[in-house]
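Text of final05.pdb (PDB, C-alpha atoms, pLDDT in the B column) as supplied:
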```
ATOM      1  CA  MET A   1       0.000   0.000   0.000  1.00 29.00           C
ATOM      2  CA  THR A   2       1.170   3.508  -0.637  1.00 34.00           C
ATOM      3  CA  ALA A   3       0.918   6.442   1.698  1.00 37.00           C
ATOM      4  CA  ASP A   4      -1.729   9.034   0.917  1.00 38.00           C
ATOM      5  CA  ASP A   5      -0.326  12.509   1.553  1.00 36.00           C
ATOM      6  CA  SER A   6      -3.744  14.042   2.203  1.00 38.00           C
ATOM      7  CA  PHE A   7      -4.651  11.595   4.977  1.00 38.00           C
ATOM      8  CA  GLY A   8      -1.543   9.682   6.007  1.00 37.00           C
ATOM      9  CA  ARG A   9      -2.049   6.186   7.373  1.00 37.00           C
ATOM     10  CA  LEU A  10      -0.970   3.747  10.029  1.00 38.00           C
ATOM     11  CA  ASP A  11       2.190   1.760   9.434  1.00 39.00           C
ATOM     12  CA  ASP A  12       0.274  -1.501   9.843  1.00 43.00           C
ATOM     13  CA  ASP A  13      -0.715  -2.507   6.284  1.00 44.00           C
ATOM     14  CA  ASP A  14      -3.028  -5.172   7.688  1.00 48.00           C
ATOM     15  CA  TYR A  15      -5.155  -2.525   9.375  1.00 49.00           C
ATOM     16  CA  PRO A  16      -5.368   0.595   7.189  1.00 62.00           C
ATOM     17  CA  ALA A  17      -7.512   2.657   9.540  1.00 79.00           C
ATOM     18  CA  TYR A  18      -6.974   5.626  11.819  1.00 86.00           C
ATOM     19  CA  THR A  19      -7.228   5.872  15.578  1.00 86.00           C
ATOM     20  CA  MET A  20      -9.947   8.125  16.956  1.00 87.00           C
ATOM     21  CA  GLY A  21      -7.426  10.781  17.946  1.00 90.00           C
ATOM     22  CA  ARG A  22      -5.725  10.749  14.545  1.00 90.00           C
ATOM     23  CA  ALA A  23      -9.091  10.791  12.733  1.00 90.00           C
ATOM     24  CA  ALA A  24     -10.262  13.774  14.802  1.00 92.00           C
ATOM     25  CA  ASP A  25      -7.009  15.621  14.086  1.00 92.00           C
ATOM     26  CA  MET A  26      -7.300  14.921  10.362  1.00 90.00           C
ATOM     27  CA  LEU A  27     -10.859  16.267  10.308  1.00 90.00           C
ATOM     28  CA  GLY A  28      -9.950  19.272  12.457  1.00 91.00           C
ATOM     29  CA  THR A  29     -12.521  18.296  15.052  1.00 92.00           C
ATOM     30  CA  THR A  30     -12.763  16.617  18.429  1.00 92.00           C
ATOM     31  CA  GLN A  31     -13.164  13.016  19.478  1.00 92.00           C
ATOM     32  CA  ALA A  32     -16.529  14.027  20.945  1.00 93.00           C
ATOM     33  CA  PHE A  33     -17.691  14.953  17.417  1.00 93.00           C
ATOM     34  CA  LEU A  34     -16.739  11.481  16.157  1.00 91.00           C
ATOM     35  CA  ARG A  35     -18.578   9.917  19.100  1.00 91.00           C
ATOM     36  CA  ALA A  36     -21.645  12.034  18.245  1.00 92.00           C
ATOM     37  CA  LEU A  37     -21.514  10.747  14.652  1.00 91.00           C
ATOM     38  CA  GLY A  38     -21.438   7.221  16.028  1.00 89.00           C
ATOM     39  CA  LYS A  39     -24.358   7.942  18.342  1.00 89.00           C
ATOM     40  CA  ALA A  40     -26.309   9.324  15.355  1.00 88.00           C
ATOM     41  CA  ARG A  41     -25.383   6.071  13.561  1.00 86.00           C
ATOM     42  CA  LEU A  42     -23.582   7.776  10.713  1.00 88.00           C
ATOM     43  CA  ILE A  43     -20.332   5.919  11.230  1.00 87.00           C
ATOM     44  CA  THR A  44     -19.571   2.923  13.394  1.00 84.00           C
ATOM     45  CA  PRO A  45     -15.905   2.696  14.292  1.00 83.00           C
ATOM     46  CA  LEU A  46     -13.984  -0.465  13.587  1.00 81.00           C
ATOM     47  CA  ARG A  47     -12.250  -2.035  16.572  1.00 79.00           C
ATOM     48  CA  SER A  48      -8.616  -3.050  16.755  1.00 73.00           C
ATOM     49  CA  GLU A  49      -7.437  -6.116  18.661  1.00 72.00           C
ATOM     50  CA  GLY A  50      -6.886  -3.884  21.683  1.00 76.00           C
ATOM     51  CA  GLY A  51     -10.453  -2.573  21.468  1.00 77.00           C
ATOM     52  CA  HIS A  52      -9.448   0.865  20.206  1.00 77.00           C
ATOM     53  CA  ARG A  53     -11.766   2.684  17.817  1.00 80.00           C
ATOM     54  CA  ARG A  54     -10.445   3.038  14.289  1.00 85.00           C
ATOM     55  CA  TYR A  55     -11.900   4.753  11.234  1.00 88.00           C
ATOM     56  CA  SER A  56     -11.476   3.890   7.553  1.00 86.00           C
ATOM     57  CA  ARG A  57     -10.880   6.436   4.802  1.00 86.00           C
ATOM     58  CA  TYR A  58     -14.469   5.981   3.648  1.00 85.00           C
ATOM     59  CA  GLN A  59     -15.712   6.770   7.158  1.00 88.00           C
ATOM     60  CA  LEU A  60     -13.498   9.863   7.258  1.00 89.00           C
ATOM     61  CA  ARG A  61     -14.944  11.057   3.949  1.00 88.00           C
ATOM     62  CA  ILE A  62     -18.462  10.635   5.345  1.00 90.00           C
ATOM     63  CA  ALA A  63     -17.493  12.353   8.615  1.00 92.00           C
ATOM     64  CA  ALA A  64     -15.900  15.242   6.702  1.00 93.00           C
ATOM     65  CA  ARG A  65     -19.156  15.842   4.792  1.00 93.00           C
ATOM     66  CA  ALA A  66     -21.118  15.798   8.063  1.00 94.00           C
ATOM     67  CA  ARG A  67     -18.606  18.209   9.599  1.00 95.00           C
ATOM     68  CA  GLU A  68     -19.073  20.546   6.620  1.00 95.00           C
ATOM     69  CA  LEU A  69     -22.855  20.594   7.156  1.00 96.00           C
ATOM     70  CA  VAL A  70     -22.534  21.087  10.926  1.00 95.00           C
ATOM     71  CA  ASP A  71     -20.143  23.994  10.341  1.00 95.00           C
ATOM     72  CA  GLN A  72     -22.846  25.563   8.139  1.00 96.00           C
ATOM     73  CA  GLY A  73     -25.300  25.395  11.053  1.00 96.00           C
ATOM     74  CA  THR A  74     -27.099  22.105  10.383  1.00 95.00           C
ATOM     75  CA  PRO A  75     -27.883  20.159  13.579  1.00 95.00           C
ATOM     76  CA  ILE A  76     -25.727  17.048  13.853  1.00 93.00           C
ATOM     77  CA  GLU A  77     -28.620  14.567  13.619  1.00 92.00           C
ATOM     78  CA  ALA A  78     -29.955  16.258  10.461  1.00 94.00           C
ATOM     79  CA  ALA A  79     -26.446  16.433   8.974  1.00 94.00           C
ATOM     80  CA  CYS A  80     -26.046  12.695   9.518  1.00 92.00           C
ATOM     81  CA  ARG A  81     -29.373  11.962   7.802  1.00 93.00           C
ATOM     82  CA  ILE A  82     -28.431  14.209   4.870  1.00 94.00           C
ATOM     83  CA  VAL A  83     -25.064  12.488   4.435  1.00 93.00           C
ATOM     84  CA  ILE A  84     -26.650   9.031   4.587  1.00 91.00           C
ATOM     85  CA  LEU A  85     -29.227  10.003   1.949  1.00 93.00           C
ATOM     86  CA  GLU A  86     -26.568  11.563  -0.287  1.00 93.00           C
ATOM     87  CA  ASP A  87     -24.482   8.397  -0.032  1.00 89.00           C
ATOM     88  CA  GLN A  88     -27.501   6.200  -0.834  1.00 92.00           C
ATOM     89  CA  LEU A  89     -28.378   8.394  -3.820  1.00 94.00           C
ATOM     90  CA  GLU A  90     -24.834   8.137  -5.204  1.00 92.00           C
ATOM     91  CA  GLU A  91     -24.945   4.345  -4.849  1.00 93.00           C
ATOM     92  CA  ALA A  92     -28.378   4.117  -6.512  1.00 95.00           C
ATOM     93  CA  GLN A  93     -27.207   6.285  -9.412  1.00 96.00           C
ATOM     94  CA  ARG A  94     -24.096   4.126  -9.856  1.00 94.00           C
ATOM     95  CA  ILE A  95     -26.152   0.916  -9.876  1.00 96.00           C
ATOM     96  CA  ASN A  96     -28.683   2.430 -12.302  1.00 96.00           C
ATOM     97  CA  ALA A  97     -25.896   3.449 -14.699  1.00 96.00           C
ATOM     98  CA  GLU A  98     -24.404  -0.066 -14.549  1.00 95.00           C
ATOM     99  CA  HIS A  99     -27.779  -1.645 -15.347  1.00 95.00           C
ATOM    100  CA  ARG A 100     -28.366   0.747 -18.245  1.00 94.00           C
ATOM    101  CA  ARG A 101     -24.959  -0.018 -19.733  1.00 94.00           C
ATOM    102  CA  ALA A 102     -25.578  -3.755 -19.365  1.00 92.00           C
ATOM    103  CA  ALA A 103     -29.026  -3.462 -20.989  1.00 91.00           C
ATOM    104  CA  GLU A 104     -27.634  -1.426 -23.873  1.00 91.00           C
ATOM    105  CA  ALA A 105     -24.826  -3.932 -24.407  1.00 90.00           C
ATOM    106  CA  ALA A 106     -27.319  -6.823 -24.398  1.00 89.00           C
ATOM    107  CA  ASN A 107     -29.697  -5.104 -26.829  1.00 86.00           C
ATOM    108  CA  PRO A 108     -27.816  -2.576 -28.999  1.00 81.00           C
ATOM    109  CA  THR A 109     -30.760  -2.043 -31.399  1.00 77.00           C
ATOM    110  CA  ALA A 110     -33.013  -0.730 -28.601  1.00 63.00           C
ATOM    111  CA  ALA A 111     -30.651   2.164 -27.955  1.00 54.00           C
ATOM    112  CA  ALA A 112     -30.872   3.398 -31.571  1.00 55.00           C
TER
END
```
This entry written out as structure tokens:
Amino acid sequence: MTADDSFGRLDDDDYPAYTMGRAADMLGTTQAFLRALGKARLITPLRSEGGHRRYSRYQLRIAARARELVDQGTPIEAACRIVILEDQLEEAQRINAEHRRAAEAANPTAAA
């Protein structure tokens, strides 16, 4: 695995996730904010063998979007719901595009 200059990473290639403290520092927030995101069920931290909370890059991307909304004055619970819906919409659009491409490939005359 290669290091990502924008996020950095742990040295342990078997566990490419960030501790709660490191994740909070990277997001420019507090550990309490990350706990609040967990309480609102936006992100659920992974657990290391020692029981420490760790966050993946995907979770940090989601948390960063929530942080952006909260900084704009959106209550944390609403920000979490917005981020979840945005993420679901992106996934649905991706799946829809894949199905359309597959249907067009299977029946090229229908597209014309």
For this session: For atom CA of A:Leu27 and atom CA of A:Arg61, quote the distance in Å rounded to one decimal.
Result: 9.2 Å
For this session: Check which residues satisfy the PyMOL selection byres ((chain A and resi 40) around 9) in the file shown, then give them as an MDAnalysis selection string.
Result: chainID A and resid 35:39 41:43 76:77 80:81
Exercise. So how many Å separate atom CA of A:Tyr55 and atom CA of A:Val83, to one decimal?
Worked result: 16.7 Å
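Between atom CA of A:Asp87 and atom CA of A:Arg57 lies a distance of 14.6 Å.
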For this session: Determine the nearest neighbour of A:Val70 from the options A:Ser56, A:Ser48, A:Gln93, A:Thr29, counting all atoms listed in the file.
Result: A:Thr29
Problem set entry | Result set of the PyMOL selection byres ((chain A and resi 26) around 12) on the coordinates above, as JSON, numbers by chain | {"A": [5, 6, 7, 8, 9, 18, 19, 20, 21, 22, 23, 24, 25, 27, 28, 29, 30, 31, 34, 55, 57, 60, 61, 63, 64, 67]}
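With distances restricted to all atoms listed in the file, A:Ile62 is the closest residue to A:Gln88 from A:Ala17, A:Ala102, A:Ile62, A:Ala32.
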Seminar exercise, completed: Among A:Ala97, A:Ala66, A:Ala106, A:Leu46, A:Leu85 is approached most closely, using only C-alpha atoms, by A:Ala66
